Structure formats: C-alpha cells, structure tokens
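Just start-v4.csv here, CSV, C-alpha atoms and all ligand atoms:
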chain,number,residue,atom,x,y,z
A,163,MET,CA,83.0,82.5,89.2
A,164,TYR,CA,80.3,84.0,91.4
A,165,LYS,CA,81.2,87.5,92.5
A,166,GLU,CA,79.9,89.9,95.1
A,167,PRO,CA,80.5,93.5,95.9
A,168,TYR,CA,83.7,94.1,97.9
A,169,SER,CA,83.0,94.9,101.5
A,170,PHE,CA,85.2,95.4,104.5
A,171,ASN,CA,83.9,96.2,108.0
A,172,ILE,CA,86.3,98.9,109.2
A,173,GLY,CA,84.3,99.3,112.4
A,174,ARG,CA,85.4,95.9,113.6
A,175,PHE,CA,89.0,97.1,113.7
A,176,MET,CA,88.9,100.8,114.4
A,177,ASP,CA,86.4,103.5,115.1
A,178,GLU,CA,85.4,104.7,111.6
A,179,LYS,CA,85.6,108.4,112.4
A,180,ARG,CA,89.0,107.9,113.8
A,181,PHE,CA,90.1,106.0,110.7
A,182,GLU,CA,88.9,108.8,108.5
A,183,LYS,CA,91.0,111.2,110.5
A,184,ILE,CA,94.0,108.9,110.4
A,185,LYS,CA,93.6,108.6,106.6
A,186,ILE,CA,93.8,112.3,106.2
A,187,PHE,CA,96.7,112.6,108.6
A,188,ALA,CA,98.6,110.0,106.6
A,189,GLU,CA,97.8,111.4,103.2
A,190,ASP,CA,101.2,113.1,102.6
A,191,ILE,CA,103.4,110.6,104.4
A,192,PRO,CA,105.4,108.4,102.0
A,193,THR,CA,104.3,104.7,102.2
A,194,PRO,CA,104.8,102.3,103.7
A,195,CYS,CA,104.3,103.9,107.1
A,196,LEU,CA,102.9,102.7,110.4
A,197,ILE,CA,100.6,105.2,112.1
A,198,ILE,CA,100.2,104.7,115.9
A,199,ASP,CA,97.2,106.0,117.7
A,200,LEU,CA,98.2,106.5,121.4
A,201,ASP,CA,94.6,106.9,122.5
A,202,THR,CA,93.9,103.3,121.5
A,203,ILE,CA,96.8,102.1,123.6
A,204,ARG,CA,95.6,104.2,126.6
A,205,ASN,CA,92.2,102.6,126.3
A,206,LYS,CA,93.6,99.1,126.0
A,207,TYR,CA,95.7,99.6,129.2
A,208,LEU,CA,92.7,101.0,131.1
A,209,GLU,CA,90.5,98.2,129.9
A,210,LEU,CA,93.1,95.6,131.1
A,211,GLN,CA,93.4,97.4,134.4
A,212,ALA,CA,89.7,97.5,134.9
A,213,THR,CA,89.2,93.8,134.1
A,214,MET,CA,92.2,92.6,136.2
A,215,PRO,CA,92.4,95.3,138.9
A,216,ASN,CA,94.6,93.4,141.3
A,217,TYR,CA,97.3,92.4,138.8
A,218,LYS,CA,100.4,94.3,138.0
A,219,VAL,CA,101.3,95.0,134.4
A,220,PHE,CA,104.8,94.5,133.0
A,221,TYR,CA,104.5,95.6,129.3
A,222,ALA,CA,106.7,93.5,127.0
A,223,VAL,CA,108.7,96.2,125.4
A,224,LYS,CA,109.6,94.2,122.3
A,225,ALA,CA,106.0,94.4,121.0
A,226,ASN,CA,106.4,98.1,120.3
A,227,PRO,CA,109.4,99.9,121.8
A,228,MET,CA,108.6,103.5,120.5
A,229,ASP,CA,109.6,106.1,123.1
A,230,GLU,CA,106.1,107.6,123.0
A,231,VAL,CA,104.5,104.3,123.7
A,232,ILE,CA,106.8,103.6,126.6
A,233,LEU,CA,106.3,107.0,128.1
A,234,LEU,CA,102.5,106.8,127.7
A,235,LEU,CA,102.4,103.4,129.5
A,236,ALA,CA,104.8,104.6,132.2
A,237,GLY,CA,102.5,107.5,132.9
A,238,LEU,CA,99.6,105.1,133.3
A,239,GLY,CA,101.6,103.1,135.9
A,240,SER,CA,102.9,100.2,133.8
A,241,ASN,CA,106.1,98.3,134.6
A,242,PHE,CA,108.2,96.9,131.9
A,243,ASP,CA,109.6,93.5,130.9
A,244,LEU,CA,112.9,93.6,129.1
A,245,ALA,CA,114.9,91.3,126.9
A,246,SER,CA,118.2,93.0,126.4
A,247,ARG,CA,120.6,95.6,127.8
A,248,TYR,CA,119.6,97.8,124.9
A,249,GLU,CA,116.0,97.9,126.1
A,250,LEU,CA,117.3,98.7,129.6
A,251,ASP,CA,119.4,101.6,128.3
A,252,GLN,CA,116.2,103.0,126.6
A,253,MET,CA,114.2,102.7,129.8
A,254,LEU,CA,116.9,104.5,131.8
A,255,ARG,CA,117.2,107.2,129.1
A,256,LEU,CA,113.4,107.7,129.5
A,257,GLY,CA,113.8,108.0,133.2
A,258,ILE,CA,112.0,104.9,134.3
A,259,GLU,CA,113.0,103.6,137.7
A,260,PRO,CA,114.8,100.2,137.8
A,261,SER,CA,112.3,99.0,140.4
A,262,ARG,CA,109.7,99.0,137.6
A,263,LEU,CA,111.8,96.7,135.4
A,264,SER,CA,112.3,93.0,135.0
A,265,PHE,CA,114.7,91.0,132.9
A,266,GLY,CA,112.4,88.4,131.6
A,267,ASN,CA,114.6,86.9,128.9
A,268,THR,CA,115.9,83.5,130.0
A,269,ILE,CA,118.7,83.7,127.5
A,270,LYS,CA,121.3,86.2,128.7
A,271,LYS,CA,125.1,86.7,128.9
A,272,PRO,CA,126.7,87.0,132.3
A,273,GLU,CA,127.9,90.5,131.5
A,274,ASP,CA,124.3,91.5,130.7
A,275,ILE,CA,123.1,90.1,134.1
A,276,LYS,CA,125.8,92.2,135.8
A,277,TYR,CA,124.8,95.2,133.8
A,278,PHE,CA,121.2,95.0,134.9
A,279,HIS,CA,122.3,94.4,138.5
A,280,ASP,CA,124.6,97.4,138.4
A,281,LYS,CA,121.8,99.6,137.1
A,282,GLY,CA,119.5,98.5,140.0
A,283,VAL,CA,117.3,95.8,138.4
A,284,ASP,CA,116.7,93.0,140.9
A,285,PHE,CA,114.0,91.0,139.2
A,286,PHE,CA,114.9,88.2,136.7
A,287,ALA,CA,113.4,85.1,135.0
A,288,THR,CA,115.3,81.9,134.5
A,289,ASP,CA,114.8,78.3,133.3
A,290,SER,CA,118.2,76.7,133.4
A,291,MET,CA,121.0,75.8,135.8
A,292,ILE,CA,123.8,77.8,134.0
A,293,ASP,CA,121.7,80.9,133.9
A,294,LEU,CA,120.7,80.5,137.6
A,295,GLU,CA,124.4,80.2,138.6
A,296,ASN,CA,125.2,83.3,136.6
A,297,LEU,CA,122.4,85.1,138.4
A,298,ALA,CA,123.7,84.0,141.8
A,299,LYS,CA,127.1,85.3,140.8
A,300,TYR,CA,126.3,88.5,139.0
A,301,ALA,CA,123.0,89.6,140.5
A,302,PRO,CA,123.2,88.3,144.1
A,303,GLY,CA,120.1,88.8,146.3
A,304,SER,CA,117.8,89.1,143.3
A,305,LYS,CA,114.2,87.9,143.1
A,306,ILE,CA,113.9,85.0,140.6
A,307,LEU,CA,110.9,83.9,138.6
A,308,PHE,CA,111.2,80.3,137.2
A,309,ARG,CA,109.7,79.8,133.8
A,310,ILE,CA,107.8,76.6,133.1
A,311,LEU,CA,107.3,75.1,129.7
A,312,THR,CA,103.9,75.4,128.0
A,313,GLU,CA,102.7,73.7,124.9
A,314,GLY,CA,101.7,76.8,122.9
A,315,THR,CA,98.7,74.9,121.6
A,316,GLY,CA,96.0,77.2,120.4
A,317,ALA,CA,98.3,80.2,119.8
A,318,ASP,CA,98.6,81.8,116.4
A,319,TRP,CA,102.2,82.7,117.2
A,320,PRO,CA,103.5,80.0,119.6
A,321,LEU,CA,106.6,80.4,121.6
A,322,SER,CA,106.7,76.9,122.9
A,323,ARG,CA,109.7,74.6,123.3
A,324,LYS,CA,112.3,77.4,123.2
A,325,PHE,CA,111.5,78.8,126.7
A,326,GLY,CA,110.8,77.3,130.0
A,327,SER,CA,111.6,73.9,131.6
A,328,HIS,CA,109.6,71.0,132.7
A,329,PRO,CA,108.1,71.5,136.3
A,330,ASP,CA,110.4,68.7,137.6
A,331,THR,CA,113.5,70.5,136.4
A,332,ILE,CA,112.1,73.8,137.7
A,333,TYR,CA,111.6,72.2,141.1
A,334,HIS,CA,115.3,71.5,141.4
A,335,LEU,CA,116.2,74.9,140.2
A,336,ILE,CA,114.1,76.5,142.9
A,337,LEU,CA,115.7,74.4,145.6
A,338,LYS,CA,119.1,75.3,144.2
A,339,ALA,CA,118.3,79.0,144.1
A,340,ALA,CA,117.2,78.8,147.8
A,341,SER,CA,120.6,77.4,148.7
A,342,MET,CA,122.4,80.3,146.9
A,343,ASN,CA,122.2,83.9,147.4
A,344,LEU,CA,118.9,84.4,145.5
A,345,GLN,CA,115.3,84.8,146.4
A,346,PRO,CA,113.0,82.2,144.7
A,347,TRP,CA,110.1,84.5,144.1
A,348,GLY,CA,107.6,82.7,141.9
A,349,ILE,CA,106.7,81.0,138.6
A,350,SER,CA,106.3,82.4,135.2
A,351,PHE,CA,105.0,81.1,131.9
A,352,HIS,CA,103.8,82.3,128.5
A,353,VAL,CA,101.0,80.3,126.8
A,354,GLY,CA,102.0,81.5,123.3
A,355,SER,CA,101.2,84.8,121.6
A,356,GLN,CA,97.7,85.6,120.3
A,357,GLN,CA,96.5,82.6,122.4
A,358,ARG,CA,92.9,82.0,121.4
A,359,ASP,CA,92.3,79.1,123.8
A,360,ILE,CA,91.8,80.5,127.3
A,361,GLY,CA,92.0,77.0,128.8
A,362,GLN,CA,95.8,77.1,128.2
A,363,TRP,CA,96.1,79.4,131.3
A,364,ASP,CA,94.2,76.8,133.3
A,365,ASP,CA,96.8,74.1,132.6
A,366,ALA,CA,99.7,76.5,133.3
A,367,ILE,CA,98.2,77.8,136.6
A,368,ALA,CA,97.6,74.2,137.7
A,369,ARG,CA,101.4,73.5,137.2
A,370,CYS,CA,102.2,76.6,139.2
A,371,LYS,CA,100.1,75.4,142.0
A,372,TYR,CA,101.8,72.0,141.9
A,373,LEU,CA,105.2,73.7,142.2
A,374,PHE,CA,104.1,76.1,145.0
A,375,ASP,CA,103.0,73.1,147.0
A,376,ALA,CA,106.0,71.0,146.2
A,377,VAL,CA,108.6,73.6,147.3
A,378,ALA,CA,106.6,74.6,150.3
A,379,GLU,CA,107.3,71.1,151.7
A,380,GLU,CA,110.9,72.1,151.5
A,381,GLY,CA,110.2,75.3,153.4
A,382,ILE,CA,110.3,77.6,150.4
A,383,GLU,CA,107.4,80.1,150.1
A,384,LEU,CA,106.8,81.3,146.6
A,385,GLN,CA,104.6,84.4,146.3
A,386,MET,CA,104.2,85.3,142.7
A,387,ILE,CA,102.8,84.0,139.4
A,388,ASN,CA,103.6,85.7,136.1
A,389,ILE,CA,100.8,84.8,133.7
A,390,GLY,CA,102.8,86.2,130.8
A,391,GLY,CA,101.4,87.6,127.6
A,392,GLY,CA,99.3,85.9,124.9
A,393,PHE,CA,96.2,88.1,125.3
A,394,PRO,CA,94.6,88.8,121.9
A,395,ALA,CA,94.6,91.6,119.4
A,396,ASN,CA,91.9,92.0,116.8
A,397,TYR,CA,93.0,90.2,113.6
A,398,VAL,CA,90.9,88.5,111.0
A,399,ASP,CA,90.3,85.4,113.1
A,400,PRO,CA,88.0,86.2,116.0
A,401,THR,CA,88.8,85.8,119.7
A,402,PHE,CA,87.1,86.2,123.0
A,403,SER,CA,87.2,89.7,124.6
A,404,ILE,CA,89.8,90.7,127.1
A,405,GLU,CA,87.1,90.8,129.7
A,406,GLU,CA,86.3,87.1,129.0
A,407,TYR,CA,90.0,86.2,129.4
A,408,ALA,CA,90.2,88.2,132.6
A,409,THR,CA,87.1,86.5,134.1
A,410,GLU,CA,88.3,83.0,133.2
A,411,ILE,CA,91.9,83.5,134.3
A,412,GLN,CA,90.8,85.0,137.7
A,413,ARG,CA,88.5,82.0,138.1
A,414,PHE,CA,91.3,79.5,137.4
A,415,ILE,CA,93.6,81.2,139.9
A,416,GLN,CA,90.8,81.3,142.5
A,417,GLU,CA,90.0,77.6,142.0
A,418,ASP,CA,93.6,76.5,142.5
A,419,PHE,CA,94.7,78.9,145.2
A,420,GLY,CA,91.5,79.7,147.1
A,421,GLU,CA,92.1,82.1,150.0
A,422,ASN,CA,95.9,82.0,149.6
A,423,LEU,CA,96.2,84.1,146.5
A,424,PRO,CA,99.7,84.8,145.2
A,425,ASP,CA,100.7,88.1,143.7
A,426,ILE,CA,99.9,88.1,140.0
A,427,ILE,CA,101.7,90.0,137.3
A,428,LEU,CA,101.1,89.9,133.5
A,429,GLU,CA,103.3,90.8,130.6
A,430,PRO,CA,101.0,91.9,127.7
A,431,GLY,CA,102.6,93.0,124.5
A,432,ARG,CA,100.4,92.5,121.5
A,433,SER,CA,97.1,93.1,123.2
A,434,LEU,CA,98.1,96.6,124.4
A,435,VAL,CA,99.5,97.9,121.2
A,436,ALA,CA,98.5,95.9,118.1
A,437,ASP,CA,95.1,97.5,117.6
A,438,ALA,CA,96.6,101.0,117.8
A,439,GLY,CA,98.5,100.6,114.5
A,440,VAL,CA,97.5,101.1,110.9
A,441,ILE,CA,100.0,100.6,108.1
A,442,VAL,CA,99.4,102.7,105.1
A,443,SER,CA,100.8,100.9,102.1
A,444,GLU,CA,100.5,101.2,98.3
A,445,VAL,CA,99.8,98.7,95.5
A,446,VAL,CA,103.0,98.4,93.4
A,447,ASN,CA,101.9,96.0,90.8
A,448,ILE,CA,99.0,93.6,89.9
A,449,SER,CA,99.7,90.7,87.6
A,450,ARG,CA,97.9,87.6,86.2
A,451,LYS,CA,100.7,85.2,85.6
A,452,SER,CA,98.9,83.3,82.9
A,453,LYS,CA,95.6,83.6,81.3
A,454,ASN,CA,94.3,80.6,83.1
A,455,ASN,CA,95.4,81.5,86.6
A,456,LEU,CA,92.5,82.0,88.9
A,457,TYR,CA,94.2,84.5,91.2
A,458,GLN,CA,96.1,87.7,90.4
A,459,TRP,CA,99.2,88.5,92.3
A,460,VAL,CA,99.1,91.8,94.0
A,461,TYR,CA,102.4,93.3,95.2
A,462,LEU,CA,102.4,95.8,98.0
A,463,ASP,CA,105.2,98.1,99.0
A,464,ILE,CA,105.4,96.3,102.4
A,465,GLY,CA,106.1,92.6,102.9
A,466,LYS,CA,107.8,90.1,105.3
A,467,PHE,CA,111.0,92.1,105.5
A,468,GLY,CA,109.3,95.5,105.8
A,469,GLY,CA,107.6,94.6,109.1
A,470,LEU,CA,105.0,91.8,108.3
A,471,ILE,CA,107.2,88.9,109.3
A,472,GLU,CA,104.3,87.5,111.4
A,473,THR,CA,102.7,86.4,108.1
A,474,ILE,CA,105.2,83.5,108.2
A,475,ASP,CA,103.0,80.4,107.5
A,476,GLU,CA,100.2,82.9,107.3
A,477,SER,CA,100.1,82.7,111.1
A,478,ILE,CA,98.8,86.2,111.8
A,479,LYS,CA,96.1,87.3,109.4
A,480,PHE,CA,96.1,91.1,109.3
A,481,PRO,CA,92.9,92.9,108.3
A,482,ILE,CA,93.7,94.5,105.0
A,483,PHE,CA,91.4,97.1,103.5
A,484,PHE,CA,91.4,98.3,99.9
A,485,PRO,CA,89.4,101.5,99.7
A,486,GLN,CA,88.2,101.2,96.1
A,487,ILE,CA,84.6,100.3,95.3
A,488,GLY,CA,83.8,97.4,93.1
A,489,MET,CA,83.2,93.7,92.8
A,490,ALA,CA,85.5,91.6,95.0
A,491,GLU,CA,88.1,89.3,93.6
A,492,GLU,CA,90.3,86.8,95.5
A,493,ILE,CA,94.0,87.5,95.2
A,494,ILE,CA,97.5,86.4,96.3
A,495,LEU,CA,99.4,89.1,98.2
A,496,ALA,CA,103.1,89.6,98.2
A,497,GLY,CA,105.8,92.1,99.3
A,498,PRO,CA,108.2,94.1,97.2
A,499,THR,CA,111.6,92.5,97.8
A,500,CYS,CA,113.5,90.1,95.6
A,501,ASP,CA,113.2,87.1,98.0
A,502,SER,CA,110.7,84.4,97.0
A,503,MET,CA,109.8,84.1,100.7
A,504,ASP,CA,108.4,87.6,100.6
A,505,ILE,CA,104.8,86.4,100.0
A,506,LEU,CA,102.2,87.5,102.5
A,507,TYR,CA,99.2,85.3,101.8
A,508,GLU,CA,98.9,82.7,99.1
A,509,HIS,CA,96.7,80.0,100.6
A,510,PHE,CA,94.3,82.3,102.5
A,511,HIS,CA,92.8,84.4,99.8
A,512,TYR,CA,92.3,88.1,100.6
A,513,ARG,CA,89.8,90.0,98.6
A,514,MET,CA,90.3,93.2,96.6
A,515,PRO,CA,87.9,95.3,94.7
A,516,GLU,CA,88.3,95.0,91.0
A,517,GLY,CA,89.5,98.2,89.5
A,518,THR,CA,92.2,98.6,92.1
A,519,VAL,CA,95.3,99.8,90.3
A,520,PRO,CA,99.0,100.3,91.1
A,521,GLY,CA,99.4,103.4,93.1
A,522,ASP,CA,96.2,102.9,95.1
A,523,LYS,CA,96.6,103.0,98.9
A,524,VAL,CA,96.0,100.0,101.1
A,525,TYR,CA,95.4,100.0,104.8
A,526,ILE,CA,96.6,97.2,107.1
A,527,PHE,CA,94.9,97.3,110.5
A,528,THR,CA,96.1,95.8,113.8
A,529,THR,CA,99.7,96.4,113.0
A,530,GLY,CA,100.9,98.2,116.2
A,531,ALA,CA,102.7,95.2,117.5
A,532,TYR,CA,105.7,93.2,116.2
A,533,THR,CA,105.9,95.1,112.9
A,534,GLN,CA,108.3,98.1,113.1
A,535,SER,CA,110.5,96.3,115.7
A,536,TYR,CA,110.7,93.3,113.3
A,537,SER,CA,111.5,95.1,110.1
A,538,SER,CA,114.8,94.5,108.5
A,539,VAL,CA,117.5,97.1,108.3
A,540,ASN,CA,118.2,97.4,104.6
A,541,PHE,CA,117.2,94.3,102.7
A,542,ASN,CA,117.2,95.2,99.0
A,543,GLY,CA,117.9,98.8,100.3
A,544,PHE,CA,114.5,99.2,101.7
A,545,PRO,CA,114.7,101.1,105.0
A,546,PRO,CA,113.1,99.8,108.2
A,547,LEU,CA,109.4,100.5,108.6
A,548,LYS,CA,108.8,104.1,109.5
A,549,ALA,CA,106.4,104.8,112.3
A,550,VAL,CA,104.6,108.0,113.2
A,551,ILE,CA,102.4,108.9,116.1
A,552,TYR,CA,99.0,110.1,115.1
A,553,LYS,CA,98.2,113.7,116.1
A,554,GLU,CA,94.8,115.3,116.0
A,555,LEU,CA,95.0,117.8,113.1
B,601,LIG,C1,107.0,88.4,124.0
B,601,LIG,C2,106.7,88.2,125.4
B,601,LIG,C3,105.6,88.7,126.0
B,601,LIG,C4,104.5,89.4,125.3
B,601,LIG,O1,103.7,88.5,124.7
B,601,LIG,P1,102.4,88.9,123.9
B,601,LIG,O2,101.8,87.6,123.3
B,601,LIG,O3,102.8,89.9,122.8
B,601,LIG,O4,101.4,89.6,124.8
B,601,LIG,C5,105.5,88.5,127.4
B,601,LIG,N1,106.4,87.9,128.1
B,601,LIG,C6,107.5,87.4,127.6
B,601,LIG,C7,108.5,86.7,128.4
B,601,LIG,C8,107.7,87.5,126.2
B,601,LIG,O5,108.8,86.9,125.6
Could you show the structure in this file as structure tokens?
Ligand SMILES: *Cc1c(COP(=O)(O)O)cnc(C)c1O
Amino acid sequence: MYKEPYSFNIGRFMDEKRFEKIKIFAEDIPTPCLIIDLDTIRNKYLELQATMPNYKVFYAVKANPMDEVILLLAGLGSNFDLASRYELDQMLRLGIEPSRLSFGNTIKKPEDIKYFHDKGVDFFATDSMIDLENLAKYAPGSKILFRILTEGTGADWPLSRKFGSHPDTIYHLILKAASMNLQPWGISFHVGSQQRDIGQWDDAIARCKYLFDAVAEEGIELQMINIGGGFPANYVDPTFSIEEYATEIQRFIQEDFGENLPDIILEPGRSLVADAGVIVSEVVNISRKSKNNLYQWVYLDIGKFGGLIETIDESIKFPIFFPQIGMAEEIILAGPTCDSMDILYEHFHYRMPEGTVPGDKVYIFTTGAYTQSYSSVNFNGFPPLKAVIYKEL
C-alpha cells in the first residue's frame, strides 16, 4: 500500500495560534471535553450581521444552549428560537425579554403553548390544524408563522418530512387563522441543516411568494419570511462561504418580491456555534482484528452517545486531528460504549499517523453545535459531554 506522511491543515478549521493556546488550556482537563471559544461565536455573529444587515437573527438555542453562549449572543442583539418550555425557563432565568423569543417548534402540548403565552411570548410557528386551534385557544392574539415543507435535498443533516405542510394545506391554515383570534404573520421554512445547495432557498422563497399572493387575494397581508437555519459550518466537506449564501439569498428574495420586501428573519444554529468548538479526546485502543484486515480499528473515548450522534450514516464528517508525526494510515473510528452502533466512521476512512498509541490525544474540530446537547445522560455510565469555555491564560 502506498503511504504518504500524515498531514492535517489545522488552519482550515481554526486559527493555528489560537489552537495552540486552546491545546495548552485543555491540557489538564480530563477527556473527553468540549472547549468552546466565545470569540469565534462573536465573529460568526458579526459576520452574519454584516452580510445580511437587514435581517433579524433568532438563534436556534438547541444547537448549543450553554448559558455563556446565550448571554454572549443576547449581548450582541440576537433573538432566540425555542423548542420547549425548558428552553424558555432558561431564557427567563438569564433575563432575556419575552419579546425576543419565538416558539418555533410545531410540535407542542396545549399546556406548553399556554405557558409561553403566560410568560409573554406572542410569536409561534405552526404547520397543522390541531396546533393552530390550540394556539387560538391558549395564545390568543399571537403572531403566527406557517411552516412550509421543504425537501431537505442537498443537506448533510436533513430535517425534511417531519416539519411543515404543503403550501396548499398552509393556505387553508392561514385563512383559518385569520378567522380566529390570531395574526397570520408570515411563512417559515428550514431547508435542512448544513445545507450545501444554496438553490434550496430559491425554491422555498418562491413558495413563500406564491402563498403571499394567494392569501392577499383573500385580504390577508403577510409580512414576514423566516428563512430558517441550514447555513454551513466548516466540516471536512467544503461549502460556500456565508457571504456567498447571503448574496444569493438576498438576490432570490429581491427577484421574487421586488420593491415590496417582507421582513426577513433567520434562525441559524450550527453556523454560529459549530466552528467555535474543539473536542479533546483520547485514543483508548487500537486493534487490527485479523492479520489480513486492511484497516485498524481505533477507539476513542467519545462516540455517538458521548456527543457525536451526527456521525449517524456518516452524515457529518468532523475534522479529526491526530497530533503525532508519521506516515498516514487509513483507519476505522469507533466510540467507547458497548453498543455496536457506536461506530463513527467505517466507510469514510479517516487517516491517522502511524505510531499513534492509546493515551494519545485527538482533537475534533467544528464540534460546537449539536454535540453536548445531544450527548446521552449515562449510557454505560459515561457522563454527558463536559463543556468548558476557553479563557485566555
Ligand atoms: C434546528 C433548527 C434551526 C437551526 O438549524 P441549523 O441548521 O442548525 O442552522 C432553525 N430553525 C428551526 C425551526 C430548527 O428546528
């Protein structure tokens, strides 16, 4: 087998000097541990604001709900999209005004709608008749966004099918809402997370335009489009830049709506926080299962249950850096738990420098989103992923 020296371009994922500092900062912290760099989140937010200056941001809290992250974004002027009463309790505990919150989950219990309404939240998303009726009953007078179905094509982590309804169904829901004590406010969609095909926004925005026009004929003026999340983070597979997304999306909206521009909000999760995280992990074991196996199995102290669930179907390919020097060999990567599903990458072969041994550290970049919040409570006794905010030493 032809071999070449192991190489990994740290600079593609994090400023190298910053990484050196983070490495030192993390030296004495037991692994696995997620280190979050707030400066990166600040820069991502400012970049987003600079490229889409007229759009309001509602950060999708589920991507990384750490208090420090929420407070940073709140200080920068972000609003927040919530999925449960527990997230609402957290926002209120942190002193964030209800006027900056939306309940974007279309799947909610009547008592939770009432809870949000009682706390002063008046901004909801829906996609079904039963939910709409609950909103009219338990959150009268509220502003409603109607979520349309998208295909999720082109997304590394699609959300399709489960959320949203066909525009024809949504049309009837909007008319119904107008006849109840609710304010039909606009249309929302989510094109799928880590969406690498910018054209997906074009299709969705065209559907919004169709609905704006259709209900206008019934005398209902919609005023907002929520273009969702789906903006990219920096994983192994390349994407366009945020700036390119912004330029294209603003062009799509301009083309469809011309002079009569609706208010636009967006709900980024992954793109704001993912690049800010590095998981420090450790090699637990390395094993060649038979003399004739081409690939060694490398077991880390973090796996699917410890926070890397987005490796399901090898959907998200996290950049993984082995710091040893040596010739590269292709490996199979797995987690530490006693579940055979806890394999990270078997088909896509990561590379590791020969000479890596158990006990060596491993750095997993772009892990600030959907890792800690996804980690299991106690499977096999392993605690949920610990996360620490990086502080300049
Ligand atoms: C998860 C979610 C988001 C965030 O999506 P990203 O792809 O992480 O940016 C935004 N809006 C809604 C309704 C969501 O469920």
Give one line per residue of chain A that approaches ligand LIG 601 (chain B) to at most 7 Å, naming the two atoms of the closest pair and their distance in Å to one decimal, counting all atoms listed in the file; sort by chain then ascending residue number and deliver it as a tab-separated table.
residue	atom	partner	partner_atom	distance
A:Ala222	CA	B:LIG601	C4	5.0
A:Lys224	CA	B:LIG601	C1	6.6
A:Ala225	CA	B:LIG601	O3	5.8
A:Gly266	CA	B:LIG601	C7	5.3
A:Asn267	CA	B:LIG601	C7	6.1
A:His352	CA	B:LIG601	N1	6.2
A:Gly354	CA	B:LIG601	O2	6.1
A:Ser355	CA	B:LIG601	O2	3.3
A:Gln356	CA	B:LIG601	O2	5.5
A:Gly390	CA	B:LIG601	N1	4.8
A:Gly391	CA	B:LIG601	O4	3.4
A:Gly392	CA	B:LIG601	O2	3.4
A:Phe393	CA	B:LIG601	O4	5.4
A:Glu429	CA	B:LIG601	C5	4.5
A:Pro430	CA	B:LIG601	O4	3.7
A:Gly431	CA	B:LIG601	O3	3.5
A:Arg432	CA	B:LIG601	O3	3.8
A:Ser433	CA	B:LIG601	O4	5.8
Query raised in the report: Pick from A:Tyr552, A:Tyr217, A:Phe170, A:Tyr461: nearest to Ile387 in chain A, with all atoms listed in the file counted?
Result: A:Tyr217
Query raised in the report: At a cut-off of 9 Å from (102.4, 103.5, 104.9) in the coordinates of the file, what residues are picked up using all atoms listed in the file, written as a list in words?
Result: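 Final list of nearby residues, as requested, is Ala188, Ile191, Pro192, Thr193, Pro194, Cys195, Leu196, Ile197, Val440, Ile441, Val442, Ser443, Glu444, Asp463, Ile464, Lys523, Val524, Tyr525, Ile526, Leu547, Lys548 and Ala549 of chain A.
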Report task. Show which residues sit within 6 Å of range 284-294 of chain A, as a ChimeraX atom specification. Count all atoms listed in the file, and ignore same-chain residues fewer than 6 positions away. Result -> /A:264-266,268,304-309,326-327
Query - Two-atom distance - CA of Gly465 in chain A, CA of Ser537 in chain A (Å) - result: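 Interatomic distance here is 9.3 Å.
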**Report entry** Option closest in space to Phe187 in chain A, from A:Asp199, A:Tyr457, A:Asp437, A:Leu506 [counting only C-alpha atoms]
**Finding:** A:Asp199
**Report entry** Nearby residues, (95.4, 79.7, 139.3) file frame, 7 Å, only C-alpha atoms, as a ChimeraX atom specification
**Finding:** /A:364,367-368,371,414-419
Query raised in the report: Of the candidates A:Pro394, A:Gly257, A:Pro272, A:Gly521, which shows the shortest atom-to-atom distance to Trp319 in chain A, using all atoms listed in the file?
Result: A:Pro394
Query - Long-range neighbours of Gly361 in chain A as a PyMOL selection string, 12 Å cut-off, only C-alpha atoms, 2 positions minimum in chain - result: chain A and resi 313-317+353+357-359+363-368+402+406-411+413-415
Query - Distance of CA of Ile487 in chain A from CA of Ile448 in chain A, expressed in Å to one decimal place - result: 16.8 Å
